[in-house]
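**Student:** Next up, start-v5.txt (compact mmCIF, C-alpha atoms).
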# COMPACT_ATOMS: atom_id res chain seq x y z
CA MET A 1 29.67 43.50 -14.90
CA GLY A 2 29.77 44.13 -11.19
CA ALA A 3 30.37 41.41 -8.63
CA GLN A 4 26.88 41.75 -7.14
CA LEU A 5 25.29 41.34 -10.53
CA ARG A 6 27.28 38.18 -11.23
CA VAL A 7 26.23 36.62 -7.94
CA TYR A 8 22.55 37.16 -8.68
CA THR A 9 22.85 35.81 -12.22
CA GLN A 10 24.47 32.68 -10.83
CA LYS A 11 21.72 32.20 -8.25
CA ILE A 12 19.02 32.58 -10.90
CA LYS A 13 20.73 29.97 -13.08
CA SER A 14 20.96 27.51 -10.20
CA ALA A 15 17.30 28.00 -9.29
CA GLN A 16 16.35 27.43 -12.92
CA THR A 17 18.27 24.16 -13.09
CA THR A 18 16.70 22.96 -9.84
CA LYS A 19 13.31 23.86 -11.17
CA LYS A 20 13.88 21.79 -14.29
CA ILE A 21 14.71 18.75 -12.17
CA THR A 22 11.83 19.14 -9.71
CA LYS A 23 9.38 19.80 -12.54
CA ALA A 24 10.47 16.59 -14.27
CA MET A 25 10.16 14.61 -11.04
CA GLU A 26 6.72 16.06 -10.47
CA LEU A 27 5.56 14.89 -13.89
CA ILE A 28 7.08 11.45 -13.43
CA ALA A 29 5.38 11.05 -10.05
CA ALA A 30 2.07 12.21 -11.52
CA SER A 31 2.18 9.53 -14.19
CA ARG A 32 3.21 6.86 -11.69
CA ILE A 33 0.33 7.64 -9.32
CA GLN A 34 -2.10 6.46 -11.97
CA LYS A 35 -0.25 3.17 -12.36
CA ALA A 36 0.03 2.66 -8.62
CA LEU A 37 -3.65 3.41 -8.16
CA ALA A 38 -4.56 0.98 -10.94
CA ARG A 39 -2.68 -1.70 -9.01
CA VAL A 40 -4.58 -0.87 -5.83
CA HIS A 41 -7.86 -1.14 -7.73
CA ALA A 42 -6.84 -4.38 -9.45
CA SER A 43 -6.16 -6.04 -6.11
CA THR A 44 -9.40 -4.87 -4.53
CA PRO A 45 -11.66 -7.69 -5.84
CA TYR A 46 -9.31 -10.26 -4.29
CA ALA A 47 -9.27 -8.51 -0.94
CA ARG A 48 -13.02 -8.05 -1.00
CA ALA A 49 -13.70 -11.69 -1.89
CA LEU A 50 -11.39 -12.85 0.91
CA THR A 51 -13.06 -10.57 3.44
CA ARG A 52 -16.44 -11.95 2.42
CA ALA A 53 -15.20 -15.52 2.78
CA VAL A 54 -13.69 -14.86 6.21
CA SER A 55 -16.84 -13.21 7.47
CA ALA A 56 -18.89 -16.10 6.07
CA VAL A 57 -16.90 -18.54 8.19
CA ALA A 58 -17.14 -16.24 11.18
CA THR A 59 -20.88 -15.84 10.74
CA TYR A 60 -21.87 -19.40 9.91
CA SER A 61 -19.70 -21.40 12.28
CA ASN A 62 -18.48 -20.86 15.77
CA GLU A 63 -14.96 -21.98 15.14
CA ALA A 64 -12.32 -20.33 17.29
CA HIS A 65 -8.98 -20.06 15.58
CA PRO A 66 -5.58 -19.25 17.10
CA LEU A 67 -5.28 -16.27 14.75
CA THR A 68 -8.49 -14.68 15.93
CA VAL A 69 -8.32 -15.35 19.66
CA GLU A 70 -6.70 -12.77 21.85
CA ARG A 71 -4.20 -14.33 24.21
CA PRO A 72 -4.78 -13.81 27.93
CA GLN A 73 -1.31 -12.38 28.44
CA LEU A 74 0.08 -9.94 25.91
CA LYS A 75 3.79 -9.70 26.52
CA ARG A 76 5.30 -8.92 23.18
CA ALA A 77 4.08 -6.98 20.18
CA ALA A 78 5.49 -6.53 16.71
CA ILE A 79 5.17 -3.49 14.47
CA VAL A 80 5.55 -3.71 10.71
CA VAL A 81 6.69 -0.31 9.43
CA LEU A 82 6.09 0.48 5.75
CA THR A 83 8.25 3.27 4.37
CA SER A 84 9.60 3.97 0.91
CA ASP A 85 13.05 3.23 -0.47
CA ARG A 86 13.66 6.75 -1.67
CA GLY A 87 13.05 10.15 -0.21
CA LEU A 88 12.06 13.44 -1.85
CA ALA A 89 8.52 12.89 -0.72
CA GLY A 90 8.04 15.55 1.91
CA ALA A 91 6.94 14.25 5.29
CA PHE A 92 5.95 10.86 3.87
CA ASN A 93 8.53 8.78 5.70
CA SER A 94 8.99 10.89 8.79
CA GLN A 95 5.29 10.82 9.58
CA ILE A 96 5.30 7.03 9.35
CA ILE A 97 8.29 6.79 11.64
CA ARG A 98 6.64 9.18 14.07
CA GLU A 99 3.41 7.15 13.98
CA ALA A 100 5.40 3.96 14.60
CA SER A 101 7.26 5.38 17.56
CA GLU A 102 4.04 6.74 19.06
CA LEU A 103 2.59 3.25 18.76
CA ARG A 104 5.71 1.78 20.33
CA VAL A 105 5.48 4.15 23.29
CA LYS A 106 1.81 3.25 23.71
CA LEU A 107 2.50 -0.49 23.60
CA GLU A 108 5.41 -0.18 26.00
CA SER A 109 3.26 1.77 28.43
CA GLU A 110 0.91 -1.24 28.37
CA GLY A 111 3.84 -3.36 29.49
CA LYS A 112 4.63 -5.03 26.16
CA GLU A 113 7.99 -5.42 24.56
CA VAL A 114 8.13 -4.30 20.96
CA ASP A 115 9.77 -5.91 17.92
CA HIS A 116 10.09 -4.18 14.57
CA TYR A 117 9.80 -5.45 11.03
CA LEU A 118 10.88 -2.87 8.47
CA VAL A 119 10.00 -2.35 4.84
CA GLY A 120 11.81 0.27 2.77
CA ASN A 121 15.28 1.80 2.90
CA LYS A 122 14.14 4.84 4.85
CA ALA A 123 13.01 2.84 7.88
CA VAL A 124 16.13 0.67 7.70
CA GLY A 125 18.35 3.76 7.57
CA TYR A 126 16.54 5.36 10.50
CA PHE A 127 16.94 2.26 12.66
CA LYS A 128 20.55 1.71 11.66
CA PHE A 129 21.52 5.30 12.44
CA ARG A 130 20.02 5.01 15.92
CA LYS A 131 21.47 1.52 16.38
CA ARG A 132 18.05 0.08 17.08
CA ALA A 133 17.38 -3.58 16.48
CA SER A 134 14.88 -4.91 13.99
CA ILE A 135 13.87 -8.51 13.42
CA GLN A 136 13.77 -8.45 9.65
CA ALA A 137 13.89 -5.90 6.85
CA TRP A 138 12.84 -5.83 3.22
CA THR A 139 14.07 -3.22 0.78
CA GLY A 140 14.11 -2.50 -2.93
CA GLN A 141 10.45 -3.07 -3.76
CA SER A 142 8.62 -0.14 -2.27
CA GLU A 143 7.61 1.36 -5.61
CA THR A 144 6.06 -1.71 -7.18
CA PRO A 145 5.47 -4.25 -4.43
CA SER A 146 4.83 -7.78 -5.69
CA PRO A 147 2.41 -10.30 -4.18
CA GLU A 148 5.49 -12.41 -3.36
CA LEU A 149 6.83 -9.69 -1.08
CA ALA A 150 3.51 -9.59 0.77
CA GLN A 151 3.68 -13.36 1.06
CA GLU A 152 7.19 -13.22 2.51
CA ILE A 153 6.26 -10.60 5.07
CA ALA A 154 3.09 -12.47 5.99
CA GLU A 155 5.02 -15.72 6.46
CA ALA A 156 7.57 -14.03 8.69
CA VAL A 157 5.04 -12.35 10.97
CA LEU A 158 2.70 -15.34 11.05
CA GLU A 159 5.54 -17.61 12.06
CA ALA A 160 6.50 -15.29 14.89
CA TYR A 161 2.88 -15.14 15.94
CA VAL A 162 2.11 -18.84 15.75
CA SER A 163 5.30 -19.80 17.58
CA GLU A 164 4.16 -17.37 20.31
CA GLN A 165 7.21 -15.13 20.05
CA VAL A 166 4.83 -12.21 19.71
CA ASP A 167 1.28 -11.89 20.91
CA GLU A 168 0.05 -9.18 18.59
CA ILE A 169 1.07 -7.62 15.31
CA HIS A 170 0.49 -4.08 14.14
CA ILE A 171 1.15 -2.54 10.77
CA VAL A 172 1.90 1.14 10.17
CA TYR A 173 1.55 2.55 6.67
CA ASN A 174 0.51 5.61 4.70
CA ARG A 175 -3.06 5.24 3.53
CA PHE A 176 -3.83 6.82 0.18
CA VAL A 177 -6.77 9.12 0.87
CA SER A 178 -6.54 11.43 -2.14
CA MET A 179 -3.93 13.01 -4.38
CA MET A 180 -3.38 15.64 -1.71
CA THR A 181 -3.67 13.59 1.47
CA GLN A 182 -1.81 10.57 2.75
CA GLU A 183 -2.83 9.44 6.17
CA PRO A 184 -0.43 7.56 8.42
CA THR A 185 -2.48 4.66 9.71
CA SER A 186 -1.78 1.94 12.23
CA VAL A 187 -3.86 -1.21 12.19
CA ARG A 188 -3.75 -4.28 14.36
CA LEU A 189 -3.16 -7.17 12.01
CA LEU A 190 -3.20 -10.04 14.50
CA PRO A 191 -5.12 -11.29 16.34
CA LEU A 192 -7.62 -10.63 13.58
CA GLU A 193 -10.64 -8.52 14.25
CA VAL A 194 -13.11 -10.32 12.06
CA VAL A 195 -16.23 -8.36 11.43
CA GLU A 196 -18.94 -10.44 13.01
CA ALA A 197 -22.10 -8.70 12.02
CA GLU A 198 -24.61 -11.42 12.77
CA SER A 199 -22.69 -13.50 15.28
CA ALA A 200 -25.43 -12.84 17.82
CA GLU A 201 -27.73 -15.24 15.98
CA SER A 202 -28.33 -18.60 17.56
CA ALA A 203 -26.37 -21.71 16.68
CA GLU A 204 -29.21 -23.33 14.71
CA HIS A 205 -28.50 -21.08 11.74
CA PHE A 206 -25.05 -22.54 11.11
CA PRO A 207 -25.89 -25.50 8.84
CA LEU A 208 -26.84 -23.05 6.08
CA TYR A 209 -23.30 -23.01 4.88
CA GLU A 210 -21.30 -26.02 3.87
CA PHE A 211 -17.57 -26.10 4.39
CA GLU A 212 -15.23 -28.31 2.51
CA PRO A 213 -13.26 -29.79 4.25
CA GLU A 214 -14.17 -28.82 7.87
CA PRO A 215 -14.64 -25.19 9.00
CA ALA A 216 -11.45 -25.43 11.06
CA GLN A 217 -9.37 -26.47 8.07
CA VAL A 218 -10.96 -23.87 5.85
CA LEU A 219 -10.03 -21.22 8.42
CA ASP A 220 -6.52 -22.65 8.65
CA ALA A 221 -6.08 -22.08 4.95
CA LEU A 222 -8.08 -18.89 4.71
CA LEU A 223 -6.74 -16.71 7.51
CA PRO A 224 -3.05 -16.63 6.50
CA VAL A 225 -4.11 -15.66 2.97
CA TYR A 226 -6.34 -12.99 4.42
CA VAL A 227 -3.48 -11.57 6.46
CA GLU A 228 -1.31 -11.65 3.37
CA SER A 229 -3.86 -9.76 1.32
CA ARG A 230 -4.16 -7.10 4.03
CA ILE A 231 -0.38 -6.67 3.95
CA PHE A 232 -0.38 -6.55 0.15
CA ASN A 233 -3.08 -3.91 0.17
CA ALA A 234 -1.11 -1.83 2.68
CA LEU A 235 2.01 -2.12 0.49
CA LEU A 236 0.12 -0.97 -2.59
CA GLN A 237 -1.55 1.91 -0.78
CA SER A 238 1.79 3.00 0.59
CA ALA A 239 3.33 2.88 -2.90
CA ALA A 240 0.53 5.03 -4.33
CA ALA A 241 0.72 7.43 -1.40
CA LYS A 242 4.48 7.76 -1.90
CA GLN A 243 4.00 8.88 -5.49
CA ALA A 244 1.32 11.36 -4.45
CA ALA A 245 3.58 12.71 -1.71
CA THR A 246 6.47 13.03 -4.17
CA GLN A 247 4.28 14.88 -6.61
CA LYS A 248 3.14 17.28 -3.92
CA ALA A 249 6.65 17.85 -2.59
CA MET A 250 8.08 18.39 -6.06
CA LYS A 251 5.28 20.76 -6.99
CA SER A 252 6.00 22.96 -4.00
CA ALA A 253 9.73 22.75 -4.78
CA SER A 254 9.05 23.98 -8.32
CA ASP A 255 6.86 26.77 -6.98
CA ASN A 256 9.59 27.75 -4.56
CA ALA A 257 12.14 27.80 -7.36
CA ASP A 258 9.81 30.06 -9.35
CA LYS A 259 9.56 32.43 -6.44
CA LEU A 260 13.33 32.46 -5.98
CA ILE A 261 13.82 33.23 -9.67
CA THR A 262 11.42 36.20 -9.49
CA ASP A 263 13.03 37.51 -6.31
CA TYR A 264 16.56 37.23 -7.62
CA THR A 265 15.62 38.75 -10.97
CA ARG A 266 14.29 41.81 -9.13
CA LEU A 267 17.44 42.03 -7.05
CA ARG A 268 19.58 41.70 -10.14
CA ASN A 269 17.67 44.47 -11.90
CA ASN A 270 18.13 46.61 -8.83
CA ALA A 271 21.85 45.94 -8.75
CA ARG A 272 22.17 46.66 -12.45
CA GLN A 273 20.29 49.90 -12.08
CA ALA A 274 22.47 50.92 -9.15
CA GLU A 275 25.56 50.15 -11.19
CA ILE A 276 24.35 52.28 -14.10
CA THR A 277 23.44 55.11 -11.76
CA THR A 278 26.91 55.02 -10.24
CA GLN A 279 28.50 55.03 -13.65
CA ILE A 280 26.42 57.99 -14.82
CA SER A 281 27.16 60.00 -11.69
CA GLU A 282 30.85 59.16 -12.09
CA ILE A 283 30.83 60.42 -15.68
CA VAL A 284 28.86 63.55 -14.74
CA GLY A 285 31.20 64.16 -11.80
CA GLY A 286 34.25 63.66 -14.02
CA ALA A 287 32.90 66.00 -16.70
CA ASP A 288 32.13 68.60 -14.08
CA ALA A 289 35.64 68.35 -12.68
CA LEU A 290 37.14 68.71 -16.16
CA ALA A 291 34.93 71.72 -16.95
CA SER A 292 35.80 73.52 -13.73
CA ALA A 293 39.52 72.80 -14.21
CA LYS A 294 39.56 74.77 -17.51
CA MET B 1 -31.14 -17.51 -13.69
CA ALA B 2 -27.46 -17.76 -14.37
CA LEU B 3 -24.56 -17.91 -12.01
CA THR B 4 -22.57 -14.76 -11.47
CA VAL B 5 -18.97 -15.83 -11.51
CA SER B 6 -15.85 -13.92 -10.68
CA ILE B 7 -12.38 -15.37 -10.62
CA VAL B 8 -9.79 -13.17 -8.96
CA SER B 9 -6.08 -13.55 -8.31
CA ALA B 10 -3.97 -11.51 -5.91
CA ALA B 11 -2.98 -9.03 -8.59
CA SER B 12 -6.14 -8.68 -10.65
CA GLU B 13 -9.49 -9.99 -11.75
CA VAL B 14 -9.01 -12.90 -14.16
CA TRP B 15 -12.49 -13.59 -15.43
CA SER B 16 -15.96 -12.49 -14.55
CA GLY B 17 -19.38 -12.81 -16.04
CA GLU B 18 -22.49 -14.94 -16.23
CA ALA B 19 -22.16 -18.70 -16.40
CA SER B 20 -24.37 -21.73 -16.46
CA GLN B 21 -21.95 -24.16 -14.83
CA VAL B 22 -18.73 -24.11 -12.86
CA ILE B 23 -16.54 -27.14 -12.23
CA ALA B 24 -13.64 -26.91 -9.80
CA ARG B 25 -11.31 -29.20 -7.91
CA THR B 26 -11.39 -28.89 -4.16
CA THR B 27 -9.28 -30.78 -1.66
CA GLU B 28 -12.17 -33.24 -1.30
CA GLY B 29 -12.65 -33.84 -5.01
CA GLU B 30 -14.35 -32.28 -7.99
CA ILE B 31 -17.34 -30.09 -7.40
CA GLY B 32 -19.84 -28.98 -10.02
CA ILE B 33 -22.01 -25.96 -9.41
CA LEU B 34 -25.29 -25.13 -11.07
CA THR B 35 -27.79 -22.47 -10.14
CA GLY B 36 -29.52 -22.93 -6.82
CA HIS B 37 -26.49 -24.62 -5.22
CA GLU B 38 -26.35 -24.44 -1.45
CA PRO B 39 -23.83 -22.01 0.06
CA VAL B 40 -20.36 -23.57 0.09
CA LEU B 41 -16.93 -22.44 1.10
CA ALA B 42 -14.26 -24.84 -0.10
CA VAL B 43 -10.50 -24.97 -0.28
CA LEU B 44 -9.34 -25.46 -3.85
CA ALA B 45 -6.77 -28.03 -4.84
CA GLU B 46 -4.31 -27.14 -7.54
CA GLY B 47 -5.88 -27.62 -10.93
CA GLN B 48 -8.25 -26.29 -13.49
CA VAL B 49 -11.49 -24.49 -12.94
CA ARG B 50 -13.87 -24.82 -15.87
CA VAL B 51 -16.55 -22.26 -16.40
CA THR B 52 -19.28 -22.74 -18.99
CA ASP B 53 -20.62 -19.32 -19.86
CA SER B 54 -24.14 -18.52 -21.05
CA THR B 55 -23.25 -19.09 -24.73
CA GLY B 56 -21.88 -22.54 -23.97
CA THR B 57 -18.19 -21.70 -24.34
CA VAL B 58 -15.92 -23.30 -21.77
CA HIS B 59 -13.24 -21.16 -20.15
CA SER B 60 -10.55 -22.91 -18.17
CA VAL B 61 -8.51 -21.18 -15.54
CA GLU B 62 -5.44 -22.56 -13.80
CA ALA B 63 -5.87 -21.85 -10.13
CA GLU B 64 -3.48 -22.44 -7.29
CA ASP B 65 -3.82 -21.75 -3.57
CA GLY B 66 -7.37 -20.64 -3.48
CA PHE B 67 -10.94 -20.86 -2.33
CA LEU B 68 -14.31 -21.31 -3.85
CA SER B 69 -17.36 -19.72 -2.38
CA VAL B 70 -20.95 -20.03 -3.48
CA ASP B 71 -23.69 -17.92 -2.03
CA HIS B 72 -27.03 -17.09 -3.66
CA ASP B 73 -25.83 -18.01 -7.16
CA ARG B 74 -22.72 -15.90 -6.75
CA VAL B 75 -19.60 -17.94 -7.33
CA GLU B 76 -16.31 -16.48 -6.26
CA ILE B 77 -13.02 -18.17 -6.95
CA VAL B 78 -10.19 -16.54 -5.11
CA ALA B 79 -6.70 -17.78 -5.87
CA ARG B 80 -3.28 -16.38 -5.17
CA ASN B 81 -2.17 -17.43 -8.64
CA ALA B 82 -4.75 -17.77 -11.33
CA LYS B 83 -4.57 -17.37 -15.07
CA LEU B 84 -6.60 -18.28 -18.10
CA ALA B 85 -5.40 -21.56 -19.55
Written as structure tokens, how would this file's structure read?

**Tutor:**
Amino acid sequence: MGAQLRVYTQKIKSAQTTKKITKAMELIAASRIQKALARVHASTPYARALTRAVSAVATYSNEAHPLTVERPQLKRAAIVVLTSDRGLAGAFNSQIIREASELRVKLESEGKEVDHYLVGNKAVGYFKFRKRASIQAWTGQSETPSPELAQEIAEAVLEAYVSEQVDEIHIVYNRFVSMMTQEPTSVRLLPLEVVEAESAESAEHFPLYEFEPEPAQVLDALLPVYVESRIFNALLQSAAAKQAATQKAMKSASDNADKLITDYTRLRNNARQAEITTQISEIVGGADALASAK
Amino acid sequence: MALTVSIVSAASEVWSGEASQVIARTTEGEIGILTGHEPVLAVLAEGQVRVTDSTGTVHSVEAEDGFLSVDHDRVEIVARNAKLA
């Protein structure tokens, strides 16, 4: 077998092995999307109930709360960046990091200093490599985030906010739009933008609702939980989006491997044919030489 | 008219359905809810929530760190940790 032929055979083999791996990863990701989505759906009633409760307080009382009031001077902002722990997900992590740095540039142009809170190995690695500082980082849970993780993150950012170290908090994450689309999204977490649909109504309507204990205390207890549930929802969405991105990336990798295999098989056939042709013409040439020598 | 009750924890929905009575512990004390209750939003104290469903069976749920809201015969109990006892 000629050298050329051997090289092509080797390349085909390697593409086939790669394809086996990417195909397996694609199937694994596909089955995990369903689980991740089920978790998003399971947490939706909680988030919805909390949103309703918060808007009830906002609608039926005119309490101002430190978490909802914008401070007159915004000097420092924090960005929570949600990435995944592992790669092989196409542009999943890089688009988040790009979105976060765009947000940072925007905030800095407004004269604010920016702090970062990182979730996921990919963000941590990116910051470490560029020797950029971050306040706090969480890793190891990006695939199946627990409510406790959301609680920890919420406590950290709320503490920074309440102690006035930062004046606003943003969160950047991949929103799960569909199996094919993940949208990098940045949302301002604090101060809260509570949807006040009927706040224009006059104050006489307030006594409709009874708060136990006082509205202020209810808000005190309610808002941190609300923030936590928003963070938890972002974590779950990001986890589902990661699986979808992995599936997409692995599918195109498998397709690419397929294409490579076809291309190399053609080349190999070509090389084999050329080899045979050479051999035949050598034999014919040799026979001719022998015949004419007689 | 029965109460529409849903009890949800951070991770999932724990119980939902029609009920005739809900008893819960708030920070101010026990509160019992029947149909036609005025709208309330209360902070729950740690403890049991007891729901009597339309057949008369009592379901108890351990709830921690949560809220109770009542609005137009819709009772929502939202707790970070909640499970059927």

**Student:** Which polymer residues, whether protein, DNA or RNA, lie within 10 Å of the coordinate (-16.4, -11.6, -17.0) when you count all atoms listed in the file? List them as a compact mmCIF listing (two decimals) with C-alpha atoms, in the coordinates of the input, using the chain letters and numbers from the file.

**Tutor:**
# COMPACT_ATOMS: atom_id res chain seq x y z
CA THR B 4 -22.57 -14.76 -11.47
CA VAL B 5 -18.97 -15.83 -11.51
CA SER B 6 -15.85 -13.92 -10.68
CA ILE B 7 -12.38 -15.37 -10.62
CA GLU B 13 -9.49 -9.99 -11.75
CA VAL B 14 -9.01 -12.90 -14.16
CA TRP B 15 -12.49 -13.59 -15.43
CA SER B 16 -15.96 -12.49 -14.55
CA GLY B 17 -19.38 -12.81 -16.04
CA GLU B 18 -22.49 -14.94 -16.23
CA ALA B 19 -22.16 -18.70 -16.40
CA ASP B 53 -20.62 -19.32 -19.86

**Student:** Go ahead and compute the interatomic distance for CA of Ile23 (chain B) and CA of Val51 (chain B), in Å to one decimal.

**Tutor:**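 It comes out at 6.4 Å.
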
**Student:** Using all atoms listed in the file, I'd like every residue of chain B that has an atom within 6 Å of chain A; please write them out as JSON, numbers by chain.

**Tutor:** {"B": [8, 10, 11, 12, 39, 40, 41, 42]}

**Student:** Could you dump the residues just selected with C-alpha atoms as a PDB file, in the frame of the given file?

**Tutor:**
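Okay, again.pdb is ready:
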ATOM      1  CA  VAL B   8      -9.790 -13.170  -8.960  1.00  0.00           C
ATOM      2  CA  ALA B  10      -3.970 -11.510  -5.910  1.00  0.00           C
ATOM      3  CA  ALA B  11      -2.980  -9.030  -8.590  1.00  0.00           C
ATOM      4  CA  SER B  12      -6.140  -8.680 -10.650  1.00  0.00           C
ATOM      5  CA  PRO B  39     -23.830 -22.010   0.060  1.00  0.00           C
ATOM      6  CA  VAL B  40     -20.360 -23.570   0.090  1.00  0.00           C
ATOM      7  CA  LEU B  41     -16.930 -22.440   1.100  1.00  0.00           C
ATOM      8  CA  ALA B  42     -14.260 -24.840  -0.100  1.00  0.00           C
TER       9      ALA B  42
END

**Student:** At a cut-off of 10 Å, using all atoms listed in the file, what residues contact Leu158 (chain A)? Leave out same-chain residues fewer than 3 positions from it and give the result as a count of residues only.

**Tutor:** 15

**Student:** Rank B:Val61, B:Ile31, B:Gly66, B:His72 by their smallest atom-to-atom distance to Ala85 (chain B), using all atoms listed in the file, and report the top residue only.

**Tutor:** B:Val61

**Student:** So how far away is CA of Ala245 (chain A) from CA of Lys35 (chain A), in Å?

**Tutor:** 14.8 Å

**Student:** For a quick check of your reading of the model, name the residues lying within 7 Å of the coordinate (-4.2, -14.7, -13.0), counting all atoms listed in the file, and write them as a list in words.

**Tutor:**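 The answer, in the requested form, is Ser9, Ser12, Val14, Asn81, Ala82, Lys83 and Leu84 of chain B.
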
**Student:** So how many Å separate CA of Asp255 (chain A) and CA of Lys19 (chain A), to one decimal?

**Tutor:**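 Rounded to one decimal, the two atoms are 8.2 Å apart.
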
**Student:** Can you tell me, as lines of an AutoDock Vina configuration file, the centre and edge lengths (Å, one decimal) of the axis-aligned box enclosing all of region 33-47 of chain B's listed atoms after padding each side by 4 Å?

**Tutor:**
center_x = -16.9
center_y = -25.0
center_z = -5.0
size_x = 33.2
size_y = 14.0
size_z = 20.2

**Student:** For Glu30 (chain B), work out the shell of residues within 12 Å, counting all atoms listed in the file and skipping chain neighbours fewer than 3 positions away, then give it as a list of chain:residue names.

**Tutor:**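 Those residues are A:Glu212, B:Val22, B:Ile23, B:Ala24, B:Arg25, B:Thr26, B:Thr27, B:Ile33, B:Ala42, B:Val43, B:Leu44, B:Ala45, B:Glu46, B:Gly47, B:Gln48, B:Val49, B:Arg50, B:Leu68.
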
**Student:** Between A:Gln237, A:Thr51, A:Ser84, A:Thr277, which has the minimum distance to Ile97 (chain A) (counting only C-alpha atoms)?

**Tutor:**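 Result for the nearest residue to Ile97 (chain A): A:Ser84.
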